[in-house]
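Shown next: work_36.cif, containing mmCIF, C-alpha atoms and all ligand atoms.
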data_final
loop_
_atom_site.label_atom_id
_atom_site.label_comp_id
_atom_site.auth_asym_id
_atom_site.auth_seq_id
_atom_site.Cartn_x
_atom_site.Cartn_y
_atom_site.Cartn_z
CA MET A 3 0.00 0.00 0.00
CA SER A 4 1.42 3.36 -0.90
CA VAL A 5 1.80 6.12 1.66
CA SER A 6 -1.19 8.45 1.82
CA PHE A 7 -2.28 11.12 4.28
CA ARG A 8 -5.78 11.41 2.84
CA ASP A 9 -8.16 12.68 5.54
CA GLN A 10 -5.20 13.30 7.85
CA VAL A 11 -3.91 16.49 9.43
CA ALA A 12 -0.24 17.21 10.08
CA ILE A 13 1.54 19.93 12.04
CA VAL A 14 5.13 20.72 11.07
CA THR A 15 7.04 23.06 13.39
CA GLY A 16 9.68 25.38 11.94
CA ALA A 17 8.18 24.79 8.48
CA GLY A 18 8.77 28.29 7.07
CA GLY A 19 11.98 27.18 5.34
CA GLY A 20 14.60 24.46 5.02
CA LEU A 21 13.70 20.91 6.00
CA GLY A 22 10.37 21.77 7.62
CA ARG A 23 9.12 23.39 4.41
CA ALA A 24 10.24 20.36 2.37
CA HIS A 25 8.50 17.95 4.79
CA ALA A 26 5.32 20.05 4.74
CA LEU A 27 5.21 20.21 0.93
CA MET A 28 5.66 16.43 0.71
CA LEU A 29 2.97 15.78 3.33
CA ALA A 30 0.58 18.08 1.43
CA ALA A 31 1.45 16.39 -1.88
CA HIS A 32 0.45 13.08 -0.26
CA GLY A 33 -2.93 14.42 0.81
CA ALA A 34 -2.44 15.87 4.30
CA ALA A 35 -3.92 19.15 5.46
CA VAL A 36 -0.87 20.86 6.95
CA VAL A 37 -0.30 23.43 9.67
CA ILE A 38 2.82 25.42 8.85
CA ASN A 39 4.24 26.56 12.16
CA ASP A 40 7.15 28.96 12.18
CA PHE A 41 7.88 31.87 14.45
CA GLY A 42 10.06 33.28 11.68
CA GLY A 43 13.15 34.22 13.67
CA ALA A 44 16.84 34.39 12.76
CA ARG A 45 19.12 31.34 12.88
CA ASP A 46 20.06 32.10 16.49
CA GLY A 47 16.40 32.30 17.52
CA SER A 48 16.02 36.10 17.65
CA GLY A 49 13.24 38.13 16.02
CA GLY A 50 10.04 36.79 14.47
CA SER A 51 7.44 37.12 11.66
CA THR A 52 4.81 34.84 10.15
CA GLU A 53 5.75 35.76 6.55
CA ALA A 54 7.86 32.62 5.99
CA ALA A 55 5.04 30.34 7.17
CA GLU A 56 2.48 32.21 5.09
CA ALA A 57 4.64 31.86 1.96
CA VAL A 58 4.70 28.06 2.40
CA VAL A 59 0.92 28.05 2.93
CA ARG A 60 0.55 29.91 -0.39
CA GLU A 61 2.73 27.30 -2.13
CA ILE A 62 0.52 24.48 -0.81
CA THR A 63 -2.84 26.11 -1.42
CA GLY A 64 -1.64 27.31 -4.85
CA ALA A 65 -1.06 23.66 -5.76
CA GLY A 66 -4.58 22.73 -4.61
CA GLY A 67 -3.64 21.56 -1.09
CA ARG A 68 -4.93 22.57 2.34
CA ALA A 69 -2.74 24.50 4.76
CA ILE A 70 -2.81 27.20 7.43
CA ALA A 71 0.00 29.22 9.01
CA ASP A 72 0.82 29.39 12.69
CA GLY A 73 3.33 31.84 14.13
CA GLY A 74 3.65 30.13 17.52
CA ASN A 75 6.92 29.67 19.35
CA VAL A 76 7.52 26.01 20.21
CA THR A 77 8.95 27.01 23.59
CA SER A 78 5.62 28.55 24.67
CA GLU A 79 2.98 26.22 26.10
CA ALA A 80 0.29 28.84 25.44
CA ASP A 81 1.39 29.18 21.78
CA MET A 82 1.44 25.41 21.23
CA GLU A 83 -1.97 24.94 22.85
CA ALA A 84 -3.33 27.75 20.66
CA MET A 85 -1.73 26.10 17.59
CA VAL A 86 -3.46 22.80 18.31
CA ALA A 87 -6.79 24.57 19.03
CA ARG A 88 -6.46 26.38 15.69
CA THR A 89 -5.64 23.07 13.96
CA LEU A 90 -8.69 21.35 15.44
CA SER A 91 -10.99 24.20 14.53
CA ALA A 92 -9.66 24.40 10.94
CA PHE A 93 -9.33 20.69 10.18
CA GLY A 94 -11.05 18.74 12.99
CA ARG A 95 -8.18 16.46 14.03
CA VAL A 96 -4.43 16.13 14.30
CA ASP A 97 -2.76 12.91 13.19
CA VAL A 98 0.86 13.92 12.75
CA LEU A 99 3.31 16.18 14.56
CA VAL A 100 6.71 16.76 12.97
CA ASN A 101 8.97 18.44 15.54
CA ASN A 102 11.43 20.24 13.31
CA ALA A 103 11.94 23.79 14.65
CA GLY A 104 15.48 24.52 15.63
CA ILE A 105 18.17 27.12 16.23
CA LEU A 106 21.95 27.15 16.50
CA ARG A 107 24.30 29.01 18.83
CA ASP A 108 27.64 27.37 18.01
CA LYS A 109 30.71 28.04 20.15
CA THR A 110 33.27 25.86 21.84
CA PHE A 111 32.20 24.83 25.33
CA ALA A 112 34.94 27.01 26.82
CA LYS A 113 33.45 30.12 25.18
CA MET A 114 29.76 29.26 25.34
CA THR A 115 27.61 31.14 27.84
CA THR A 116 25.05 29.30 29.91
CA ASP A 117 22.39 31.38 28.13
CA ASP A 118 23.55 30.03 24.74
CA PHE A 119 23.41 26.50 26.12
CA ARG A 120 19.97 27.00 27.65
CA ALA A 121 18.49 28.71 24.56
CA VAL A 122 19.38 25.77 22.31
CA VAL A 123 18.16 23.14 24.78
CA GLU A 124 15.00 25.21 25.23
CA VAL A 125 14.06 25.15 21.53
CA HIS A 126 15.15 21.62 20.57
CA LEU A 127 14.34 19.63 23.70
CA MET A 128 11.73 21.69 25.54
CA GLY A 129 10.14 22.85 22.26
CA THR A 130 9.75 19.22 21.19
CA ALA A 131 8.31 18.24 24.58
CA ILE A 132 5.94 21.24 24.68
CA ALA A 133 4.65 20.82 21.11
CA THR A 134 4.23 17.06 21.65
CA ARG A 135 2.40 17.54 24.93
CA ALA A 136 0.01 19.92 23.14
CA VAL A 137 -1.09 17.15 20.72
CA TRP A 138 -0.72 14.18 23.10
CA ALA A 139 -4.19 14.20 24.72
CA THR A 140 -5.90 14.53 21.31
CA MET A 141 -3.85 11.66 19.86
CA ARG A 142 -4.62 9.46 22.88
CA GLU A 143 -8.34 10.22 22.64
CA GLN A 144 -8.48 9.41 18.92
CA ASN A 145 -6.28 6.32 19.41
CA TYR A 146 -3.96 7.39 16.63
CA GLY A 147 -0.93 9.57 16.32
CA ARG A 148 2.44 9.89 14.67
CA VAL A 149 5.15 12.03 16.26
CA LEU A 150 8.54 12.70 14.73
CA VAL A 151 11.47 14.20 16.62
CA THR A 152 14.40 15.71 14.76
CA SER A 153 17.75 14.58 16.09
CA SER A 154 21.20 15.02 14.57
CA THR A 155 24.49 13.27 14.04
CA SER A 156 25.87 16.14 16.15
CA GLY A 157 24.04 14.53 19.06
CA ALA A 158 24.62 10.88 18.21
CA TYR A 159 28.31 11.31 17.36
CA GLY A 160 29.32 14.82 18.57
CA ASN A 161 30.37 17.89 16.59
CA PHE A 162 33.01 20.46 17.51
CA GLY A 163 31.40 23.69 18.73
CA GLN A 164 27.96 22.15 19.25
CA SER A 165 27.88 20.94 22.86
CA ASN A 166 24.52 22.67 23.45
CA TYR A 167 22.98 21.47 20.20
CA GLY A 168 24.40 17.94 20.44
CA ALA A 169 23.13 17.53 23.99
CA ALA A 170 19.64 18.68 23.01
CA LYS A 171 19.60 16.51 19.86
CA MET A 172 20.53 13.37 21.80
CA ALA A 173 17.93 14.26 24.43
CA VAL A 174 15.09 14.07 21.91
CA LEU A 175 16.05 10.43 21.22
CA GLY A 176 15.59 9.76 24.94
CA LEU A 177 12.21 11.46 24.74
CA MET A 178 11.30 9.26 21.75
CA ASN A 179 12.19 6.06 23.64
CA THR A 180 9.79 6.75 26.49
CA LEU A 181 7.00 8.35 24.44
CA HIS A 182 7.10 5.20 22.26
CA LEU A 183 6.38 3.10 25.37
CA GLU A 184 3.70 5.41 26.73
CA GLY A 185 2.02 5.99 23.35
CA ALA A 186 1.94 2.37 22.17
CA LYS A 187 -1.42 1.38 23.62
CA TYR A 188 -3.03 4.49 22.12
CA GLY A 189 -1.79 3.81 18.60
CA ILE A 190 0.79 6.58 18.85
CA HIS A 191 4.09 5.86 17.10
CA VAL A 192 7.13 8.00 17.85
CA ASN A 193 10.18 8.08 15.58
CA ALA A 194 13.25 10.18 14.87
CA ILE A 195 14.94 11.63 11.81
CA LEU A 196 18.62 12.59 11.73
CA PRO A 197 18.85 14.77 8.62
CA THR A 198 21.80 16.12 6.72
CA ALA A 199 20.84 18.93 4.36
CA ALA A 200 21.90 22.25 2.96
CA THR A 201 19.65 24.83 4.60
CA ARG A 202 19.94 28.22 6.22
CA MET A 203 21.23 26.36 9.27
CA THR A 204 24.10 24.60 7.52
CA GLY A 205 24.58 26.44 4.20
CA ASP A 206 27.62 28.42 5.30
CA MET A 207 29.41 25.21 6.35
CA MET A 208 29.10 23.64 2.89
CA SER A 209 30.83 23.75 -0.49
CA GLY A 210 29.04 24.17 -3.84
CA GLU A 211 28.90 20.44 -4.56
CA MET A 212 27.65 19.67 -1.05
CA LEU A 213 24.88 22.25 -1.47
CA GLU A 214 23.81 20.48 -4.66
CA LEU A 215 23.87 16.92 -3.27
CA LEU A 216 22.33 17.78 0.09
CA ALA A 217 18.94 19.15 -1.01
CA PRO A 218 16.42 19.14 1.89
CA GLU A 219 13.91 17.38 -0.38
CA LEU A 220 16.13 14.28 -0.15
CA VAL A 221 15.44 14.01 3.61
CA SER A 222 11.66 14.34 3.41
CA PRO A 223 10.79 10.87 2.01
CA ALA A 224 12.25 9.26 5.13
CA ALA A 225 10.67 11.82 7.48
CA VAL A 226 7.29 11.49 5.81
CA TRP A 227 7.37 7.68 5.83
CA LEU A 228 8.16 7.79 9.57
CA VAL A 229 4.86 9.62 10.23
CA SER A 230 2.72 7.55 7.86
CA ARG A 231 0.13 4.93 8.80
CA GLU A 232 2.75 2.29 7.90
CA ALA A 233 5.42 3.78 10.18
CA PRO A 234 7.26 1.66 12.73
CA SER A 235 7.82 3.12 16.20
CA ARG A 236 10.99 4.01 18.14
CA THR A 237 12.96 4.04 14.91
CA ALA A 238 15.68 6.59 14.15
CA LEU A 239 16.58 7.08 10.49
CA LEU A 240 19.53 9.05 9.17
CA ALA A 241 18.72 10.69 5.84
CA GLY A 242 20.63 12.91 3.46
CA ALA A 243 21.98 13.12 -0.10
CA GLY A 244 19.74 10.20 -1.06
CA THR A 245 20.99 7.73 1.56
CA VAL A 246 18.68 6.47 4.29
CA ALA A 247 20.14 4.42 7.14
CA ARG A 248 19.05 3.35 10.62
CA LEU A 249 20.73 4.54 13.81
CA ALA A 250 20.87 1.84 16.48
CA VAL A 251 21.94 1.98 20.10
CA VAL A 252 23.62 -1.31 20.94
CA GLU A 253 25.39 -2.87 23.89
CA SER A 254 28.45 -5.08 23.86
CA GLN A 255 27.93 -8.56 25.28
CA GLY A 256 29.96 -7.31 28.23
CA VAL A 257 31.76 -9.22 30.94
CA CYS A 258 29.92 -10.53 34.00
CA PHE A 259 32.02 -10.36 37.17
CA THR A 260 29.42 -11.86 39.50
CA GLY A 261 31.08 -14.30 41.92
CA LYS A 262 34.59 -13.27 40.79
CA SER A 263 37.05 -10.60 41.80
CA PHE A 264 35.54 -7.21 40.82
CA THR A 265 37.69 -4.16 41.35
CA PRO A 266 38.46 -1.14 39.15
CA ASP A 267 41.62 -3.04 38.11
CA ASP A 268 39.46 -5.97 36.93
CA VAL A 269 37.44 -3.55 34.77
CA GLY A 270 40.66 -2.13 33.32
CA ALA A 271 42.16 -5.57 32.70
CA ASN A 272 39.00 -6.65 30.84
CA PHE A 273 38.32 -3.38 29.03
CA ASP A 274 38.98 -4.77 25.53
CA ARG A 275 36.37 -7.50 26.03
CA ILE A 276 33.95 -5.08 27.72
CA ALA A 277 34.23 -2.65 24.80
CA ASP A 278 34.12 -5.30 22.05
CA ILE A 279 31.04 -4.49 19.97
CA SER A 280 31.59 -7.23 17.36
CA ASP A 281 28.61 -9.25 18.67
CA PRO A 282 26.21 -6.43 19.56
CA VAL A 283 23.00 -6.71 21.54
CA GLU A 284 20.23 -4.30 20.61
CA PRO A 285 17.86 -4.17 23.57
CA PRO A 286 14.34 -3.68 22.22
CA GLU A 287 13.39 -1.78 25.35
CA GLY A 288 15.16 -0.46 28.41
CA LEU A 289 13.97 -3.15 30.79
CA ARG A 290 15.53 -5.88 28.65
CA HIS A 291 18.92 -4.61 29.74
CA VAL A 292 17.98 -5.37 33.35
CA ASP A 293 16.74 -8.83 32.30
CA ARG A 294 20.03 -9.54 30.56
CA ILE A 295 22.36 -8.47 33.36
CA LEU A 296 20.26 -10.28 35.98
CA ALA A 297 20.38 -13.42 33.80
CA ASN A 298 24.17 -13.10 33.57
CA ALA A 299 24.45 -12.76 37.36
CA ARG A 300 22.06 -15.67 38.05
CA ALA A 301 23.93 -17.88 35.59
CA ALA A 302 27.25 -17.02 37.28
CA LEU A 303 25.71 -17.93 40.65
CA GLY A 304 24.23 -21.14 39.28
CA ARG A 305 20.68 -19.93 40.00
CA ASN A 306 18.99 -20.70 36.73
P1 LIG B 1 16.35 26.20 9.27
O1 LIG B 1 17.01 27.25 10.12
O2 LIG B 1 16.27 26.40 7.80
O3 LIG B 1 14.87 25.92 9.79
C1 LIG B 1 14.52 25.95 11.15
C2 LIG B 1 13.20 26.67 11.25
O4 LIG B 1 12.75 26.61 12.62
C3 LIG B 1 13.31 28.16 10.88
O5 LIG B 1 12.37 28.46 9.85
C4 LIG B 1 12.99 28.88 12.18
O6 LIG B 1 12.27 30.09 12.00
C5 LIG B 1 12.16 27.84 12.93
N1 LIG B 1 12.21 28.03 14.37
C6 LIG B 1 13.32 28.21 15.14
N2 LIG B 1 12.99 28.36 16.43
C7 LIG B 1 11.62 28.26 16.48
C8 LIG B 1 10.69 28.32 17.55
N3 LIG B 1 11.10 28.55 18.80
N4 LIG B 1 9.38 28.16 17.27
C9 LIG B 1 8.97 27.97 15.99
N5 LIG B 1 9.82 27.91 14.93
C10 LIG B 1 11.12 28.05 15.19
O7 LIG B 1 17.09 24.82 9.60
P2 LIG B 1 16.95 23.33 9.02
O8 LIG B 1 18.29 22.91 8.62
O9 LIG B 1 15.83 23.23 8.06
O10 LIG B 1 16.63 22.54 10.37
C11 LIG B 1 15.43 21.85 10.62
C12 LIG B 1 15.66 20.86 11.75
O11 LIG B 1 16.60 19.86 11.32
C13 LIG B 1 16.27 21.49 13.01
O12 LIG B 1 15.73 20.85 14.16
C14 LIG B 1 17.74 21.15 12.88
O13 LIG B 1 18.40 21.15 14.12
C15 LIG B 1 17.65 19.77 12.26
N6 LIG B 1 18.87 19.34 11.61
C16 LIG B 1 19.30 19.91 10.46
C17 LIG B 1 20.46 19.44 9.84
C18 LIG B 1 20.92 19.95 8.54
O14 LIG B 1 21.89 19.37 8.00
N7 LIG B 1 20.29 20.98 7.98
C19 LIG B 1 21.28 18.40 10.48
C20 LIG B 1 20.71 17.83 11.64
C21 LIG B 1 19.56 18.31 12.18
#
Could you render the structure from this file as structure tokens?
Amino acid sequence: MSVSFRDQVAIVTGAGGGLGRAHALMLAAHGAAVVINDFGGARDGSGGSTEAAEAVVREITGAGGRAIADGGNVTSEADMEAMVARTLSAFGRVDVLVNNAGILRDKTFAKMTTDDFRAVVEVHLMGTAIATRAVWATMREQNYGRVLVTSSTSGAYGNFGQSNYGAAKMAVLGLMNTLHLEGAKYGIHVNAILPTAATRMTGDMMSGEMLELLAPELVSPAAVWLVSREAPSRTALLAGAGTVARLAVVESQGVCFTGKSFTPDDVGANFDRIADISDPVEPPEGLRHVDRILANARAALGRN
């Protein structure tokens, strides 16, 4: 069955440009009524105007689609509640939330102020939590929902000068893990996209060829599939330049010291085996880790 958002309503935050605009256009092209949220600020989060969001609405409605603009700030609970109220009064439901809004305040950790750290965490982590909370009750009541968080390789792997951004981007994966568990019985699936694209956010870090190969439109098929009826849950996809891959968090088999000598020196002496990821375990859910280490300990104690 091909992906369709017929009769569905999607909200995309930060959709006035870049990746959010590309996701919104693709959702609309696949039949969704779309709410284009964007507070219209500068890359560092200052300022604001709804013009960018309204321009994307005109693109969608001009092509025969349905869309409205919303100038709310994702860090404001009142704005996000008003956005969802506006969505429900315009379109009657909300099936999809794409958390995409973001800012940058890059500096090395030594030079970064606490305000720069807080501002980035506020938009990426708290903005995602606040926007998601605003749709959560509606999705639970209708027994259906798709939520996407936008993470980054800067979080998963680190990036020089982005301690604030990387921390916030890894945090949204933690949010995904638990919302997946809490949303499951209400038909709510929660996934993550880790994009790489040439946008206002990254354009000045890229060469001419990179700008060409890293079109935002090449991220949207993965993002849009992750919020479709067919979407899995608790799945993080990396997407950019036409490659889509899955990010997995795995554990090494590890070494069980139960019943043996177990000092810091024992950890050091066994570090190569502890760190060996050649036979990885991918715990489907957090509690499985507890099951596994308790099983190791019971086996070592002969308590099977
Ligand atoms: P962008 O700067 O073109 O778009 C971000 C949009 O979010 C802007 O239109 C901005 O006005 C809006 N926004 C910022 N703060 C907001 C707030 N408080 N409330 C409402 N809207 C707000 O950047 P881009 O590249 O399209 O980024 C989209 C998302 O993808 C961000 O979360 C970013 O961190 C993430 N990302 C982008 C990567 C890339 O290679 N471009 C790499 C990894 C992640």
(request) Mind giving me the straight-line distance from CA of Gly168 in chain A to atom N6 of ligand LIG 1 (chain B) in Å, one decimal? (result)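 Pair CA of Gly168 in chain A / atom N6 of ligand LIG 1 (chain B) returns 10.5 Å.
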(request) Work out how far CA of Ala250 in chain A is from CA of Asn272 in chain A, in Å to one decimal. (result)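 Computing it gives 24.6 Å between the two atoms.
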(request) Kindly work out which residues sit at most 7 Å from ligand LIG 1 (chain B), using only C-alpha atoms and all ligand atoms, and give the list as a PyMOL selection string. (result) chain A and resi 15-22+39-45+47+74-77+102-105+125-126+129+152-155+196-204
(message) Quick one: residues within 6 Å of range 33-35 of chain A, all atoms listed in the file, excluding same-chain residues fewer than 6 positions away - as a PyMOL selection string?
(response) chain A and resi 7-8+10-11+68-69
(message) Can you measure CA of Trp227 in chain A to CA of Ser209 in chain A for me? One decimal in Å is fine.
(response) 29.1 Å
(request) Place a sphere of radius 12 Å on (20.5, 3.5, 6.8) in the file coordinates and name every protein, DNA or RNA residue with an atom inside or on its surface, counting only C-alpha atoms; give the answer as a PyMOL selection string. (result) chain A and resi 195-197+224+237-250
(message) Applying 12 Å and all atoms listed in the file, which residues near Thr63 in chain A remain after dropping the ones on its own chain fewer than 2 positions away? List them as a PyMOL selection string.
(response) chain A and resi 26-27+30-31+33-38+56-61+65-71
Take the residues just selected and output them with C-alpha atoms as an mmCIF file, in the coordinates of the input.
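What ended up in selection.cif:
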data_model
loop_
_atom_site.group_PDB
_atom_site.id
_atom_site.type_symbol
_atom_site.label_atom_id
_atom_site.label_comp_id
_atom_site.auth_asym_id
_atom_site.auth_seq_id
_atom_site.Cartn_x
_atom_site.Cartn_y
_atom_site.Cartn_z
ATOM 1 C CA ALA A 26 5.320 20.050 4.740
ATOM 2 C CA LEU A 27 5.210 20.210 0.930
ATOM 3 C CA ALA A 30 0.580 18.080 1.430
ATOM 4 C CA ALA A 31 1.450 16.390 -1.880
ATOM 5 C CA GLY A 33 -2.930 14.420 0.810
ATOM 6 C CA ALA A 34 -2.440 15.870 4.300
ATOM 7 C CA ALA A 35 -3.920 19.150 5.460
ATOM 8 C CA VAL A 36 -0.870 20.860 6.950
ATOM 9 C CA VAL A 37 -0.300 23.430 9.670
ATOM 10 C CA ILE A 38 2.820 25.420 8.850
ATOM 11 C CA GLU A 56 2.480 32.210 5.090
ATOM 12 C CA ALA A 57 4.640 31.860 1.960
ATOM 13 C CA VAL A 58 4.700 28.060 2.400
ATOM 14 C CA VAL A 59 0.920 28.050 2.930
ATOM 15 C CA ARG A 60 0.550 29.910 -0.390
ATOM 16 C CA GLU A 61 2.730 27.300 -2.130
ATOM 17 C CA ALA A 65 -1.060 23.660 -5.760
ATOM 18 C CA GLY A 66 -4.580 22.730 -4.610
ATOM 19 C CA GLY A 67 -3.640 21.560 -1.090
ATOM 20 C CA ARG A 68 -4.930 22.570 2.340
ATOM 21 C CA ALA A 69 -2.740 24.500 4.760
ATOM 22 C CA ILE A 70 -2.810 27.200 7.430
ATOM 23 C CA ALA A 71 0.000 29.220 9.010
#
Could you give me the axis-aligned bounding box of range 258-270 of chain A, with 5 Å of padding per side, as centre plus edge lengths in Å to one decimal, as lines of an AutoDock Vina configuration file?
center_x = 35.5
center_y = -7.7
center_z = 37.6
size_x = 22.2
size_y = 23.2
size_z = 18.6
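Taking all atoms listed in the file into account, His25 in chain A lies nearest to A:Ala225 out of the set A:Ala133, A:Val96, A:Val174, A:Ala225.
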(message) Given all atoms listed in the file as the basis, pick out the residue of A:Pro223, A:Gly94, A:Pro266, A:Pro285 nearest to Val251 in chain A.
(response)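 That would be A:Pro285, the residue with the smallest distance to Val251 in chain A.
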Restrict the calculation to all atoms listed in the file, then for each residue of range 194-272 of chain A with any atom at most 10 Å from an atom of range 179-186 of chain A give the closest atom pair and their distance in Å to one decimal, rows by chain and rising residue number, as a Markdown table.
| residue | atom | partner | partner_atom | distance |
| --- | --- | --- | --- | --- |
| A:Ala194 | CA | A:Asn179 | CA | 9.7 |
| A:Ser235 | CA | A:His182 | CA | 6.4 |
| A:Arg236 | CA | A:His182 | CA | 5.8 |
| A:Thr237 | CA | A:Asn179 | CA | 9.0 |
Using C-alpha atoms, can you write the selected residues to a file as an mmCIF file, in the frame of the given file?
data_model
loop_
_atom_site.group_PDB
_atom_site.id
_atom_site.type_symbol
_atom_site.label_atom_id
_atom_site.label_comp_id
_atom_site.auth_asym_id
_atom_site.auth_seq_id
_atom_site.Cartn_x
_atom_site.Cartn_y
_atom_site.Cartn_z
ATOM 1 C CA ALA A 194 13.250 10.180 14.870
ATOM 2 C CA SER A 235 7.820 3.120 16.200
ATOM 3 C CA ARG A 236 10.990 4.010 18.140
ATOM 4 C CA THR A 237 12.960 4.040 14.910
#
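Considering all atoms listed in the file, the residue among A:Asp97, A:Asp81, A:Asp278, A:Glu211 positioned nearest to His191 in chain A is A:Asp97.
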(message) Need the shell around Gly163 in chain A: protein/DNA/RNA residues with any atom at most 10 Å away, counting only C-alpha atoms. Skip same-chain ones fewer than 4 positions apart. Format as a PyMOL selection string?
(response) chain A and resi 107-114+156+167-168
(request) Name the closest residue to Ser280 in chain A among the candidates A:Val252, A:Val5, A:Leu303, A:Val292; distances are taken between atoms, counting all atoms listed in the file. (result) A:Val252
(message) Can you pull out the residues contacting Gly256 in chain A? Cut-off 8 Å, using all atoms listed in the file, and skip same-chain residues under 6 positions away; I want them as a list in words.
(response)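 The residues that qualify are Arg275, Ile276, Ala277 and Asp278 of chain A.
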(request) Find the residue from A:Val14, A:Leu213, A:Ala297, A:Leu29 that sits nearest to Thr130 in chain A; use only C-alpha atoms when measuring. (result)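 Between A:Val14, A:Leu213, A:Ala297, A:Leu29, the residue approaching Thr130 in chain A most closely is A:Val14.
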Could you extract range 273-289 of chain A of the given structure into a file holding N, CA and C atoms, as an mmCIF file, in the first residue's frame?
data_model
loop_
_atom_site.group_PDB
_atom_site.id
_atom_site.type_symbol
_atom_site.label_atom_id
_atom_site.label_comp_id
_atom_site.auth_asym_id
_atom_site.auth_seq_id
_atom_site.Cartn_x
_atom_site.Cartn_y
_atom_site.Cartn_z
ATOM 1 N N PHE A 273 38.985 -4.436 29.805
ATOM 2 C CA PHE A 273 38.323 -3.381 29.034
ATOM 3 C C PHE A 273 38.141 -3.748 27.562
ATOM 4 N N ASP A 274 39.120 -4.416 26.960
ATOM 5 C CA ASP A 274 38.982 -4.765 25.532
ATOM 6 C C ASP A 274 37.758 -5.646 25.303
ATOM 7 N N ARG A 275 37.554 -6.618 26.182
ATOM 8 C CA ARG A 275 36.372 -7.498 26.033
ATOM 9 C C ARG A 275 35.084 -6.732 26.345
ATOM 10 N N ILE A 276 35.139 -5.875 27.364
ATOM 11 C CA ILE A 276 33.951 -5.084 27.721
ATOM 12 C C ILE A 276 33.525 -4.201 26.545
ATOM 13 N N ALA A 277 34.510 -3.620 25.875
ATOM 14 C CA ALA A 277 34.228 -2.649 24.805
ATOM 15 C C ALA A 277 33.982 -3.310 23.445
ATOM 16 N N ASP A 278 34.209 -4.606 23.357
ATOM 17 C CA ASP A 278 34.115 -5.302 22.053
ATOM 18 C C ASP A 278 32.663 -5.340 21.561
ATOM 19 N N ILE A 279 32.410 -4.637 20.473
ATOM 20 C CA ILE A 279 31.045 -4.493 19.969
ATOM 21 C C ILE A 279 30.802 -5.410 18.768
ATOM 22 N N SER A 280 31.705 -6.408 18.569
ATOM 23 C CA SER A 280 31.587 -7.228 17.355
ATOM 24 C C SER A 280 30.377 -8.164 17.392
ATOM 25 N N ASP A 281 29.819 -8.417 18.578
ATOM 26 C CA ASP A 281 28.606 -9.249 18.670
ATOM 27 C C ASP A 281 27.562 -8.435 19.442
ATOM 28 N N PRO A 282 27.024 -7.392 18.811
ATOM 29 C CA PRO A 282 26.214 -6.434 19.563
ATOM 30 C C PRO A 282 24.849 -6.962 19.995
ATOM 31 N N VAL A 283 24.359 -6.433 21.087
ATOM 32 C CA VAL A 283 22.995 -6.708 21.540
ATOM 33 C C VAL A 283 22.231 -5.411 21.366
ATOM 34 N N GLU A 284 21.062 -5.495 20.734
ATOM 35 C CA GLU A 284 20.226 -4.296 20.610
ATOM 36 C C GLU A 284 18.998 -4.487 21.477
ATOM 37 N N PRO A 285 18.999 -3.937 22.680
ATOM 38 C CA PRO A 285 17.855 -4.170 23.567
ATOM 39 C C PRO A 285 16.612 -3.523 22.987
ATOM 40 N N PRO A 286 15.529 -4.292 22.801
ATOM 41 C CA PRO A 286 14.336 -3.683 22.217
ATOM 42 C C PRO A 286 13.756 -2.608 23.117
ATOM 43 N N GLU A 287 13.882 -2.782 24.430
ATOM 44 C CA GLU A 287 13.387 -1.784 25.353
ATOM 45 C C GLU A 287 14.255 -1.773 26.593
ATOM 46 N N GLY A 288 14.254 -0.650 27.289
ATOM 47 C CA GLY A 288 15.163 -0.457 28.409
ATOM 48 C C GLY A 288 15.191 -1.602 29.408
ATOM 49 N N LEU A 289 14.003 -2.131 29.740
ATOM 50 C CA LEU A 289 13.966 -3.155 30.787
ATOM 51 C C LEU A 289 14.698 -4.417 30.383
#
